[in-house]
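A.B. asks: One file is attached below, data16.cif, containing mmCIF, C-alpha atoms and all ligand atoms.
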data_structure
loop_
_atom_site.label_atom_id
_atom_site.label_comp_id
_atom_site.auth_asym_id
_atom_site.auth_seq_id
_atom_site.Cartn_x
_atom_site.Cartn_y
_atom_site.Cartn_z
CA MET E 27 -23.63 21.34 -4.62
CA ALA E 28 -24.72 17.72 -5.11
CA TRP E 29 -23.55 15.26 -7.77
CA HIS E 30 -25.21 12.27 -9.35
CA VAL E 31 -23.40 9.28 -10.87
CA ARG E 32 -25.09 6.37 -12.65
CA GLY E 33 -23.25 3.24 -13.70
CA VAL E 34 -22.36 -0.33 -12.80
CA VAL E 35 -21.25 0.05 -9.19
CA LEU E 36 -18.75 -2.71 -8.49
CA PRO E 37 -18.61 -5.28 -6.98
CA ASP E 38 -22.34 -5.60 -7.72
CA ASP E 39 -23.28 -6.29 -11.30
CA GLU E 40 -26.13 -3.82 -11.67
CA VAL E 41 -26.59 -0.29 -12.86
CA ARG E 42 -27.19 1.92 -9.83
CA ASP E 43 -27.48 5.58 -8.94
CA LEU E 44 -25.29 7.34 -6.41
CA TRP E 45 -25.54 10.86 -5.07
CA PHE E 46 -22.75 12.82 -3.44
CA VAL E 47 -23.41 15.65 -1.01
CA GLY E 48 -20.38 17.30 0.57
CA ASP E 49 -18.04 14.49 1.52
CA ARG E 50 -20.74 11.83 1.79
CA VAL E 51 -22.45 9.27 -0.44
CA THR E 52 -26.18 8.71 -0.37
CA LEU E 53 -28.38 6.23 -2.16
CA GLU E 54 -31.37 8.52 -1.71
CA PRO E 55 -32.12 10.74 -4.72
CA VAL E 56 -31.06 14.36 -4.21
CA PRO E 57 -33.19 16.89 -6.13
CA ASP E 58 -31.26 19.20 -8.49
CA ALA E 59 -28.07 17.14 -8.29
CA ILE E 60 -25.88 17.55 -11.36
CA THR E 61 -25.42 14.31 -13.30
CA LEU E 62 -21.73 13.72 -14.02
CA THR E 63 -22.15 10.47 -15.92
CA ASP E 64 -24.84 7.91 -16.70
CA ARG E 65 -22.67 5.07 -17.91
CA GLY E 66 -19.49 3.21 -17.05
CA PHE E 67 -18.04 1.13 -14.24
CA VAL E 68 -17.80 2.75 -10.84
CA LEU E 69 -15.27 2.10 -8.07
CA PRO E 70 -14.65 4.03 -4.85
CA GLY E 71 -11.19 4.74 -6.32
CA LEU E 72 -8.05 2.65 -6.20
CA VAL E 73 -5.97 2.20 -3.04
CA ASP E 74 -2.19 2.22 -2.89
CA ALA E 75 -1.59 0.49 0.41
CA HIS E 76 2.20 0.82 0.24
CA CYS E 77 3.32 4.20 -0.96
CA HIS E 78 5.81 6.84 0.23
CA LEU E 79 4.82 10.49 -0.19
CA GLY E 80 7.74 11.66 1.95
CA ILE E 81 10.52 10.19 -0.21
CA ARG E 82 11.47 11.89 -3.45
CA PRO E 83 12.57 10.01 -6.57
CA GLY E 84 16.11 8.84 -5.87
CA GLY E 85 15.51 8.23 -2.18
CA ALA E 86 16.05 11.52 -0.32
CA PRO E 87 13.36 12.94 1.97
CA VAL E 88 11.00 15.46 0.34
CA GLN E 89 11.69 19.05 1.38
CA GLY E 90 8.22 20.38 2.00
CA LEU E 91 4.48 19.84 2.00
CA ASP E 92 4.14 20.98 -1.60
CA GLU E 93 6.45 18.24 -2.79
CA ALA E 94 4.50 15.54 -0.93
CA ARG E 95 1.27 17.03 -2.24
CA ALA E 96 2.61 16.96 -5.82
CA LEU E 97 3.58 13.29 -5.50
CA SER E 98 0.10 12.46 -4.20
CA ALA E 99 -1.42 14.24 -7.21
CA VAL E 100 0.32 11.77 -9.52
CA ASP E 101 -1.34 8.89 -7.71
CA ARG E 102 -4.68 10.71 -7.64
CA GLY E 103 -4.52 11.27 -11.41
CA ALA E 104 -4.15 7.51 -11.79
CA GLY E 105 -7.37 6.96 -9.83
CA VAL E 106 -5.77 6.33 -6.41
CA LEU E 107 -8.00 8.00 -3.82
CA ALA E 108 -6.65 6.34 -0.67
CA ILE E 109 -3.03 5.84 0.30
CA ARG E 110 -1.33 4.09 3.16
CA ASP E 111 2.04 5.77 3.58
CA ALA E 112 4.41 3.00 4.63
CA GLY E 113 6.98 5.26 6.27
CA SER E 114 7.84 8.91 5.75
CA PRO E 115 11.03 10.76 6.74
CA TYR E 116 9.10 14.02 6.24
CA PRO E 117 6.18 14.66 8.61
CA TYR E 118 3.04 15.89 6.86
CA PRO E 119 0.08 15.42 9.27
CA SER E 120 -1.58 18.55 7.88
CA LEU E 121 -2.21 16.75 4.58
CA ASP E 122 -4.66 14.40 6.34
CA ASP E 123 -7.34 17.07 5.91
CA ASP E 124 -6.16 18.55 2.61
CA PRO E 125 -9.05 18.44 0.11
CA ASP E 126 -6.64 17.77 -2.79
CA VAL E 127 -4.81 14.84 -1.20
CA PRO E 128 -6.12 11.25 -1.26
CA ARG E 129 -7.31 9.72 2.03
CA LEU E 130 -4.25 9.04 4.13
CA ALA E 131 -3.38 6.23 6.49
CA ARG E 132 0.13 7.11 7.64
CA ALA E 133 3.04 5.60 9.49
CA GLY E 134 5.61 7.95 11.01
CA ARG E 135 9.25 7.35 10.13
CA HIS E 136 10.56 3.84 9.54
CA VAL E 137 11.98 2.34 12.74
CA ALA E 138 15.25 0.81 11.54
CA PRO E 139 18.50 -0.66 12.89
CA PRO E 140 21.60 1.60 13.14
CA LYS E 141 23.71 2.21 10.02
CA ARG E 142 22.13 -0.46 7.85
CA TYR E 143 18.96 0.96 6.30
CA LEU E 144 18.49 3.59 3.55
CA ARG E 145 20.24 6.85 4.49
CA ASP E 146 18.18 9.60 6.13
CA VAL E 147 14.92 7.68 5.84
CA GLY E 148 14.37 5.90 9.18
CA VAL E 149 14.93 6.60 12.84
CA GLU E 150 17.82 4.25 13.55
CA VAL E 151 17.84 2.70 16.98
CA PRO E 152 19.55 -0.19 18.79
CA ALA E 153 17.44 -3.09 20.11
CA GLU E 154 17.02 -1.58 23.57
CA ASP E 155 15.43 1.58 22.14
CA VAL E 156 13.01 -0.02 19.65
CA VAL E 157 9.99 -0.01 21.98
CA ALA E 158 10.40 3.71 22.79
CA ALA E 159 10.93 4.57 19.11
CA VAL E 160 7.82 2.63 18.12
CA THR E 161 5.73 4.50 20.70
CA GLN E 162 7.08 7.81 19.40
CA GLN E 163 6.44 6.97 15.73
CA ALA E 164 2.93 5.73 16.54
CA ALA E 165 2.20 9.26 17.73
CA ALA E 166 3.77 10.75 14.59
CA GLY E 167 1.60 8.66 12.26
CA ASN E 168 -2.19 8.40 12.19
CA GLY E 169 -2.70 4.72 12.88
CA TRP E 170 0.32 2.86 11.55
CA VAL E 171 3.91 2.13 12.55
CA LYS E 172 6.52 0.94 10.04
CA LEU E 173 9.20 -1.44 11.23
CA VAL E 174 12.19 -2.52 9.18
CA GLY E 175 12.31 -6.25 9.91
CA ASP E 176 15.44 -7.12 7.94
CA TRP E 177 18.00 -5.60 5.60
CA ILE E 178 21.42 -6.49 4.31
CA ASP E 179 23.99 -6.98 7.06
CA ARG E 180 27.27 -6.20 5.33
CA GLU E 181 29.26 -8.14 7.91
CA VAL E 182 27.19 -11.25 7.25
CA GLY E 183 27.02 -10.59 3.50
CA ASP E 184 23.31 -11.40 3.36
CA LEU E 185 19.91 -10.33 4.61
CA ALA E 186 19.65 -10.55 8.39
CA PRO E 187 17.05 -9.54 11.01
CA ALA E 188 17.20 -5.86 11.95
CA TRP E 189 17.67 -6.74 15.62
CA ASP E 190 17.49 -9.86 17.70
CA THR E 191 14.06 -11.26 16.84
CA SER E 192 13.04 -11.19 20.54
CA VAL E 193 12.52 -7.43 20.06
CA PHE E 194 9.61 -7.86 17.67
CA ALA E 195 6.88 -8.92 20.11
CA PRO E 196 7.38 -6.07 22.62
CA ALA E 197 7.71 -3.58 19.75
CA ILE E 198 4.43 -4.70 18.19
CA ALA E 199 2.72 -4.71 21.60
CA ALA E 200 3.91 -1.11 22.17
CA ALA E 201 2.40 0.00 18.85
CA HIS E 202 -0.87 -1.71 19.64
CA ALA E 203 -0.93 -0.11 23.10
CA ALA E 204 -0.53 3.26 21.35
CA GLY E 205 -3.48 2.49 19.08
CA ALA E 206 -1.44 1.81 15.94
CA ARG E 207 -1.18 -1.16 13.61
CA VAL E 208 2.24 -2.39 12.51
CA ALA E 209 3.48 -2.83 8.95
CA VAL E 210 6.83 -4.51 8.58
CA HIS E 211 9.33 -4.42 5.75
CA THR E 212 10.69 -7.92 5.28
CA PHE E 213 12.47 -9.78 2.48
CA ALA E 214 14.08 -12.67 4.40
CA GLU E 215 12.93 -15.97 5.92
CA GLU E 216 14.00 -15.89 9.57
CA SER E 217 12.71 -12.40 10.27
CA VAL E 218 9.30 -12.84 8.69
CA ALA E 219 8.71 -16.12 10.55
CA ALA E 220 9.36 -14.34 13.85
CA LEU E 221 7.36 -11.25 12.91
CA VAL E 222 4.24 -13.16 11.93
CA ARG E 223 4.32 -15.06 15.23
CA ALA E 224 4.97 -11.83 17.13
CA GLY E 225 1.63 -10.52 15.84
CA VAL E 226 2.52 -8.00 13.13
CA ASP E 227 -0.55 -6.65 11.30
CA SER E 228 0.78 -6.46 7.76
CA VAL E 229 3.73 -8.07 6.04
CA GLU E 230 5.21 -5.78 3.37
CA HIS E 231 6.95 -7.59 0.47
CA GLY E 232 7.10 -10.96 2.30
CA THR E 233 9.42 -12.71 -0.15
CA GLY E 234 10.72 -14.99 2.62
CA LEU E 235 7.35 -16.46 3.60
CA SER E 236 7.23 -20.24 4.06
CA GLU E 237 4.15 -22.44 3.86
CA GLU E 238 4.05 -22.56 7.67
CA ASP E 239 4.22 -18.77 7.90
CA ILE E 240 1.39 -18.46 5.39
CA ALA E 241 -0.77 -20.87 7.38
CA GLU E 242 -0.05 -18.83 10.51
CA MET E 243 -0.97 -15.59 8.73
CA ALA E 244 -4.23 -17.09 7.53
CA ARG E 245 -5.03 -18.22 11.07
CA ARG E 246 -4.29 -14.77 12.51
CA GLY E 247 -5.73 -12.68 9.67
CA THR E 248 -2.34 -11.10 8.99
CA VAL E 249 -2.28 -9.07 5.77
CA LEU E 250 0.21 -9.39 2.90
CA VAL E 251 1.07 -6.40 0.68
CA PRO E 252 3.28 -8.04 -1.95
CA THR E 253 4.63 -4.97 -3.86
CA MET E 254 5.34 -7.07 -6.96
CA ILE E 255 6.74 -4.15 -8.97
CA ASN E 256 9.43 -3.77 -6.32
CA ILE E 257 10.25 -7.49 -6.20
CA ASP E 258 10.59 -7.57 -10.00
CA ARG E 259 13.51 -5.14 -9.55
CA PHE E 260 15.49 -7.43 -7.24
CA GLY E 261 17.60 -8.41 -10.25
CA GLU E 262 18.95 -4.85 -10.48
CA ILE E 263 19.76 -4.82 -6.74
CA ALA E 264 21.50 -8.18 -7.11
CA ALA E 265 23.54 -7.01 -10.10
CA GLN E 266 24.82 -4.00 -8.15
CA ALA E 267 25.67 -6.12 -5.10
CA GLU E 268 27.11 -9.11 -6.98
CA GLU E 269 30.77 -8.19 -6.64
CA ARG E 270 30.91 -7.40 -2.93
CA PHE E 271 28.04 -9.54 -1.66
CA PRO E 272 27.59 -12.54 -3.97
CA GLY E 273 25.60 -14.54 -1.38
CA TYR E 274 23.17 -11.68 -0.92
CA ALA E 275 22.83 -11.26 -4.69
CA ARG E 276 22.00 -14.96 -5.15
CA HIS E 277 19.54 -14.83 -2.27
CA MET E 278 17.69 -11.82 -3.72
CA VAL E 279 17.35 -13.45 -7.14
CA ALA E 280 16.07 -16.68 -5.59
CA LEU E 281 13.51 -14.74 -3.53
CA ARG E 282 12.37 -12.91 -6.66
CA ASP E 283 11.99 -16.07 -8.68
CA LYS E 284 9.77 -17.90 -6.23
CA PHE E 285 7.69 -14.87 -5.24
CA PRO E 286 4.70 -15.26 -7.60
CA ALA E 287 4.18 -18.75 -6.15
CA VAL E 288 4.41 -17.34 -2.60
CA VAL E 289 1.72 -14.76 -3.34
CA ALA E 290 -0.50 -17.35 -5.01
CA ALA E 291 -0.11 -19.69 -2.02
CA ALA E 292 -0.97 -16.90 0.42
CA HIS E 293 -4.04 -15.99 -1.58
CA ASP E 294 -5.14 -19.63 -1.79
CA ALA E 295 -4.67 -20.00 1.98
CA GLY E 296 -6.99 -17.06 2.61
CA VAL E 297 -4.39 -14.43 3.58
CA PRO E 298 -5.86 -10.98 2.84
CA ILE E 299 -3.81 -9.35 0.08
CA TYR E 300 -3.80 -5.64 -0.75
CA VAL E 301 -2.24 -3.59 -3.51
CA GLY E 302 0.93 -1.60 -2.85
CA SER E 303 3.17 -0.07 -5.49
CA ASP E 304 6.01 1.00 -3.13
CA ALA E 305 6.18 4.32 -4.98
CA GLY E 306 8.79 6.76 -3.69
CA GLY E 307 12.53 6.36 -3.94
CA GLY E 308 13.07 3.90 -6.75
CA ILE E 309 9.53 3.45 -8.05
CA GLU E 310 7.43 6.15 -9.71
CA HIS E 311 4.03 7.21 -8.39
CA GLY E 312 0.81 6.37 -10.21
CA MET E 313 1.59 2.65 -10.59
CA ALA E 314 -1.21 1.06 -8.56
CA ALA E 315 -2.99 -0.22 -11.68
CA GLU E 316 0.24 -1.81 -12.91
CA GLU E 317 0.65 -3.58 -9.56
CA MET E 318 -2.91 -4.87 -9.95
CA LEU E 319 -2.09 -6.24 -13.41
CA LEU E 320 0.92 -8.08 -11.97
CA LEU E 321 -1.18 -9.64 -9.19
CA HIS E 322 -3.46 -11.01 -11.88
CA GLU E 323 -0.88 -12.03 -14.47
CA LYS E 324 1.93 -13.32 -12.23
CA ALA E 325 0.21 -14.46 -9.03
CA GLY E 326 -3.00 -15.61 -10.69
CA LEU E 327 -5.52 -13.66 -8.62
CA SER E 328 -8.85 -13.31 -10.43
CA THR E 329 -9.72 -9.85 -11.71
CA MET E 330 -12.45 -9.62 -9.06
CA ASP E 331 -10.00 -10.51 -6.28
CA VAL E 332 -7.51 -7.96 -7.63
CA LEU E 333 -10.19 -5.26 -7.69
CA ARG E 334 -11.13 -6.04 -4.11
CA ALA E 335 -7.41 -5.94 -3.15
CA GLY E 336 -6.93 -2.56 -4.80
CA SER E 337 -10.23 -0.86 -4.14
CA TRP E 338 -13.22 -1.50 -1.87
CA GLY E 339 -11.57 -4.26 0.19
CA ALA E 340 -8.49 -2.18 0.88
CA ARG E 341 -10.59 0.85 1.77
CA GLU E 342 -12.55 -1.16 4.29
CA TRP E 343 -9.31 -2.49 5.79
CA LEU E 344 -7.92 1.04 6.14
CA GLY E 345 -11.16 2.49 7.51
CA PHE E 346 -12.35 4.53 4.51
CA PRO E 347 -15.92 3.45 3.72
CA GLY E 348 -16.76 3.47 0.02
CA LEU E 349 -19.89 3.62 -2.13
CA VAL E 350 -22.47 2.81 0.54
CA GLU E 351 -25.01 4.97 2.33
CA GLY E 352 -23.01 7.45 4.40
CA GLY E 353 -19.72 6.43 2.78
CA LEU E 354 -17.00 8.89 1.75
CA ALA E 355 -17.48 10.87 -1.46
CA ASP E 356 -14.76 9.29 -3.59
CA CYS E 357 -15.35 7.61 -6.93
CA VAL E 358 -13.66 6.74 -10.19
CA VAL E 359 -15.53 5.80 -13.34
CA TYR E 360 -14.10 3.69 -16.19
CA ASP E 361 -15.51 3.31 -19.70
CA THR E 362 -14.93 -0.42 -19.90
CA ASP E 363 -15.36 -3.23 -17.39
CA PRO E 364 -12.16 -3.81 -15.37
CA ARG E 365 -13.47 -7.27 -14.41
CA ALA E 366 -13.16 -8.27 -18.06
CA ASP E 367 -9.82 -6.54 -18.58
CA LEU E 368 -7.84 -4.83 -15.82
CA THR E 369 -6.09 -2.56 -18.32
CA ALA E 370 -9.32 -0.50 -18.10
CA LEU E 371 -7.82 0.82 -14.84
CA ARG E 372 -5.15 2.72 -16.78
CA THR E 373 -7.65 5.21 -18.15
CA PRO E 374 -10.08 6.57 -15.56
CA ARG E 375 -12.67 8.85 -17.16
CA LEU E 376 -14.10 10.55 -14.08
CA ILE E 377 -12.37 11.09 -10.74
CA MET E 378 -14.07 12.53 -7.66
CA LEU E 379 -12.19 12.98 -4.38
CA LYS E 380 -13.76 14.22 -1.15
CA GLY E 381 -16.85 15.36 -3.05
CA ARG E 382 -14.93 17.42 -5.60
CA VAL E 383 -14.60 16.55 -9.27
CA ILE E 384 -10.92 16.26 -10.11
CA ALA E 385 -11.19 15.04 -13.70
CA SER E 386 -14.11 14.39 -16.02
ZN ZN E 401 8.29 0.86 0.93
#
Let's see the structure in the file written out as structure tokens.

C.D. replies:
Amino acid sequence: MAWHVRGVVLPDDEVRDLWFVGDRVTLEPVPDAITLTDRGFVLPGLVDAHCHLGIRPGGAPVQGLDEARALSAVDRGAGVLAIRDAGSPYPYPSLDDDPDVPRLARAGRHVAPPKRYLRDVGVEVPAEDVVAAVTQQAAAGNGWVKLVGDWIDREVGDLAPAWDTSVFAPAIAAAHAAGARVAVHTFAEESVAALVRAGVDSVEHGTGLSEEDIAEMARRGTVLVPTMINIDRFGEIAAQAEERFPGYARHMVALRDKFPAVVAAAHDAGVPIYVGSDAGGGIEHGMAAEEMLLLHEKAGLSTMDVLRAGSWGAREWLGFPGLVEGGLADCVVYDTDPRADLTALRTPRLIMLKGRVIAS
């Protein structure tokens, strides 16, 4: 079975024809292909580059493959055809090849400090065991390791590095030696400064970034995944913590307030930015388009830059080629031009994943 799609294939501004055979794209006409659409705006699907399929709403680990699969279907229905799982307490390597599940770039479990991080989510290890844990989790994932760079330290009453920052460089080197890239959760200033200089591949959240850190990221090509939906909810975290940890609460609110300017500065400096909703736990799935709207409205990225950050650019970064000769057979078609108005992304008309039509 072969499919034919005709429309404006972004980022180019021309009407083009695409054919899909099995799980591949071709630009060469395929006789007898069935035409699915002859109008609209075509993307290789959206990408949620920070998502958790192994954490159920509320924060507990999912209890089986079907639950992770069901969460991924929510994202898929919203046009998300590639996901980077930024840490999963439930192992689901078999979903990598599941025809119903979006393309997966996965970390293993979060590598976190003892008794500080979210319950039951990470592997919690002291500083001396971080390198071994990273090597183990690199093998559990399929190309990524997730480190928790900082979290509240209740004895300090504020955010603090997960371990002594001298641990970061050997941990990142161990992941790289195992063939994995490293994504790091970080909200605070001291930890992110050390992590960027220790060679982390992607900064998740990154509320504590300084101008110097941003310049260093631009120089190194370090990625930022801002998760703006998550940062917008810092006020709720602060309100809950206010009584016992007033310094932490103030810090979180200050980080939230300056964050749009941080993201704008990173973008202006040339730091690659990708879209991540941080779905799982406290944030619902299917929100990638909303994250894209926030990057445009709050951080001032152009609609074209947002589309690159949440579609073809992110796919290239994760290793999932899009709508090019020999690319992977994923596409989403919209009725109106998302370059003119990103709210078009809320209503995909046609969704194809791995050469199969999901919705049309
Ligand atoms: Zn996350």

A.B. asks: In Å to one decimal, how far is atom CA of Thr191 of chain E from atom CA of Val151 of chain E?

C.D. replies: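 Between atom CA of Val151 of chain E and atom CA of Thr191 of chain E the gap works out to 14.5 Å.
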
A.B. asks: Could you report the residues within 7 Å of ligand ZN 401 (chain E), using all atoms listed in the file, as a list in words?

C.D. replies: His76, Cys77, His78, Ala112 and Asp304 of chain E

A.B. asks: Pro252 of chain E: which residues within 10 Å, counting all atoms listed in the file, same-chain residues fewer than 6 positions away excluded, as a PyMOL selection string?

C.D. replies: chain E and resi 76+229-233+285-286+288-289+299-304+317+321

A.B. asks: Using all atoms listed in the file, which protein or nucleic acid residues come within 7 Å of segment 95-102 of chain E? Drop anything in the same chain fewer than 2 positions from it, and give the result as an NGL selection string.

C.D. replies: :E and (79 or 91-93 or 104-107 or 127-128 or 311-312)

A.B. asks: Residues near segment 340-342 of chain E, anyone? I mean within 10 Å using all atoms listed in the file, not counting same-chain ones fewer than 6 positions away, as a compact mmCIF listing (two decimals) with C-alpha atoms, in the frame of the given file.

C.D. replies:
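Output file result_7.txt is given in full below:
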# COMPACT_ATOMS: atom_id res chain seq x y z
CA PRO E 70 -14.65 4.03 -4.85
CA GLY E 71 -11.19 4.74 -6.32
CA LEU E 72 -8.05 2.65 -6.20
CA VAL E 73 -5.97 2.20 -3.04
CA ASP E 74 -2.19 2.22 -2.89
CA ALA E 75 -1.59 0.49 0.41
CA LEU E 107 -8.00 8.00 -3.82
CA ALA E 108 -6.65 6.34 -0.67
CA ILE E 109 -3.03 5.84 0.30
CA ARG E 110 -1.33 4.09 3.16
CA ARG E 129 -7.31 9.72 2.03
CA PRO E 298 -5.86 -10.98 2.84
CA ILE E 299 -3.81 -9.35 0.08
CA TYR E 300 -3.80 -5.64 -0.75
CA VAL E 301 -2.24 -3.59 -3.51
CA LEU E 333 -10.19 -5.26 -7.69
CA ARG E 334 -11.13 -6.04 -4.11
CA GLY E 348 -16.76 3.47 0.02

A.B. asks: Which residues are near Ala275 of chain E? Cut-off 12 Å, all atoms listed in the file, ignore same chain within fewer than 3 positions. Put them as a compact mmCIF listing (two decimals) with C-alpha atoms, keeping the file's coordinate frame.

C.D. replies:
# COMPACT_ATOMS: atom_id res chain seq x y z
CA ILE E 178 21.42 -6.49 4.31
CA GLY E 183 27.02 -10.59 3.50
CA ASP E 184 23.31 -11.40 3.36
CA LEU E 185 19.91 -10.33 4.61
CA PHE E 260 15.49 -7.43 -7.24
CA GLY E 261 17.60 -8.41 -10.25
CA GLU E 262 18.95 -4.85 -10.48
CA ILE E 263 19.76 -4.82 -6.74
CA ALA E 264 21.50 -8.18 -7.11
CA ALA E 265 23.54 -7.01 -10.10
CA GLN E 266 24.82 -4.00 -8.15
CA ALA E 267 25.67 -6.12 -5.10
CA GLU E 268 27.11 -9.11 -6.98
CA GLU E 269 30.77 -8.19 -6.64
CA ARG E 270 30.91 -7.40 -2.93
CA PHE E 271 28.04 -9.54 -1.66
CA PRO E 272 27.59 -12.54 -3.97
CA MET E 278 17.69 -11.82 -3.72
CA VAL E 279 17.35 -13.45 -7.14
CA ALA E 280 16.07 -16.68 -5.59
CA LEU E 281 13.51 -14.74 -3.53
CA ARG E 282 12.37 -12.91 -6.66

A.B. asks: Extract, using all atoms listed in the file, all DNA, RNA and protein residues at most 10 Å from Ile240 of chain E, discarding same-chain residues fewer than 3 positions from it, and format them as a PDB file with C-alpha atoms, keeping the file's coordinate frame.

C.D. replies:
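As a result, out-v7.pdb now contains:
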ATOM      1  CA  ALA E 219       8.710 -16.120  10.550  1.00  0.00           C
ATOM      2  CA  VAL E 222       4.240 -13.160  11.930  1.00  0.00           C
ATOM      3  CA  GLY E 232       7.100 -10.960   2.300  1.00  0.00           C
ATOM      4  CA  LEU E 235       7.350 -16.460   3.600  1.00  0.00           C
ATOM      5  CA  SER E 236       7.230 -20.240   4.060  1.00  0.00           C
ATOM      6  CA  GLU E 237       4.150 -22.440   3.860  1.00  0.00           C
ATOM      7  CA  MET E 243      -0.970 -15.590   8.730  1.00  0.00           C
ATOM      8  CA  ALA E 244      -4.230 -17.090   7.530  1.00  0.00           C
ATOM      9  CA  ARG E 245      -5.030 -18.220  11.070  1.00  0.00           C
ATOM     10  CA  ARG E 246      -4.290 -14.770  12.510  1.00  0.00           C
ATOM     11  CA  THR E 248      -2.340 -11.100   8.990  1.00  0.00           C
ATOM     12  CA  LEU E 250       0.210  -9.390   2.900  1.00  0.00           C
ATOM     13  CA  VAL E 288       4.410 -17.340  -2.600  1.00  0.00           C
ATOM     14  CA  VAL E 289       1.720 -14.760  -3.340  1.00  0.00           C
ATOM     15  CA  ALA E 291      -0.110 -19.690  -2.020  1.00  0.00           C
ATOM     16  CA  ALA E 292      -0.970 -16.900   0.420  1.00  0.00           C
ATOM     17  CA  HIS E 293      -4.040 -15.990  -1.580  1.00  0.00           C
ATOM     18  CA  ASP E 294      -5.140 -19.630  -1.790  1.00  0.00           C
ATOM     19  CA  ALA E 295      -4.670 -20.000   1.980  1.00  0.00           C
ATOM     20  CA  GLY E 296      -6.990 -17.060   2.610  1.00  0.00           C
ATOM     21  CA  VAL E 297      -4.390 -14.430   3.580  1.00  0.00           C
TER      22      VAL E 297
END

A.B. asks: Do you have, as JSON lines, the list of residues of segment 62-150 of chain E lying at most 12 Å from segment 196-210 of chain E, each with its nearest atom pair and that distance in Å to one decimal, counting all atoms listed in the file and ordered by chain then number?

C.D. replies:
{"residue": "E:Ala75", "atom": "CA", "partner": "E:Ala209", "partner_atom": "CA", "distance": 10.5}
{"residue": "E:His76", "atom": "CA", "partner": "E:Ala209", "partner_atom": "CA", "distance": 9.5}
{"residue": "E:Arg110", "atom": "CA", "partner": "E:Ala209", "partner_atom": "CA", "distance": 10.2}
{"residue": "E:Asp111", "atom": "CA", "partner": "E:Ala209", "partner_atom": "CA", "distance": 10.2}
{"residue": "E:Ala112", "atom": "CA", "partner": "E:Ala209", "partner_atom": "CA", "distance": 7.3}
{"residue": "E:Gly113", "atom": "CA", "partner": "E:Ala209", "partner_atom": "CA", "distance": 9.2}
{"residue": "E:Ala131", "atom": "CA", "partner": "E:Arg207", "partner_atom": "CA", "distance": 10.5}
{"residue": "E:Arg132", "atom": "CA", "partner": "E:Ala206", "partner_atom": "CA", "distance": 10.0}
{"residue": "E:Ala133", "atom": "CA", "partner": "E:Ala209", "partner_atom": "CA", "distance": 8.5}
{"residue": "E:Gly134", "atom": "CA", "partner": "E:Ala206", "partner_atom": "CA", "distance": 10.6}
{"residue": "E:Arg135", "atom": "CA", "partner": "E:Ala209", "partner_atom": "CA", "distance": 11.8}
{"residue": "E:His136", "atom": "CA", "partner": "E:Val210", "partner_atom": "CA", "distance": 9.2}
{"residue": "E:Val137", "atom": "CA", "partner": "E:Val210", "partner_atom": "CA", "distance": 9.5}
{"residue": "E:Ala138", "atom": "CA", "partner": "E:Val210", "partner_atom": "CA", "distance": 10.4}

A.B. asks: What is the distance between atom CA of Val193 of chain E and atom CA of Leu344 of chain E, in Å to one decimal?

C.D. replies: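 Atom-to-atom, atom CA of Val193 of chain E to atom CA of Leu344 of chain E, that is 26.1 Å.
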
A.B. asks: Quick one, how far is atom CA of Tyr360 of chain E from atom CA of Ala290 of chain E?

C.D. replies: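 Atom CA of Tyr360 of chain E sits 27.4 Å away from atom CA of Ala290 of chain E.
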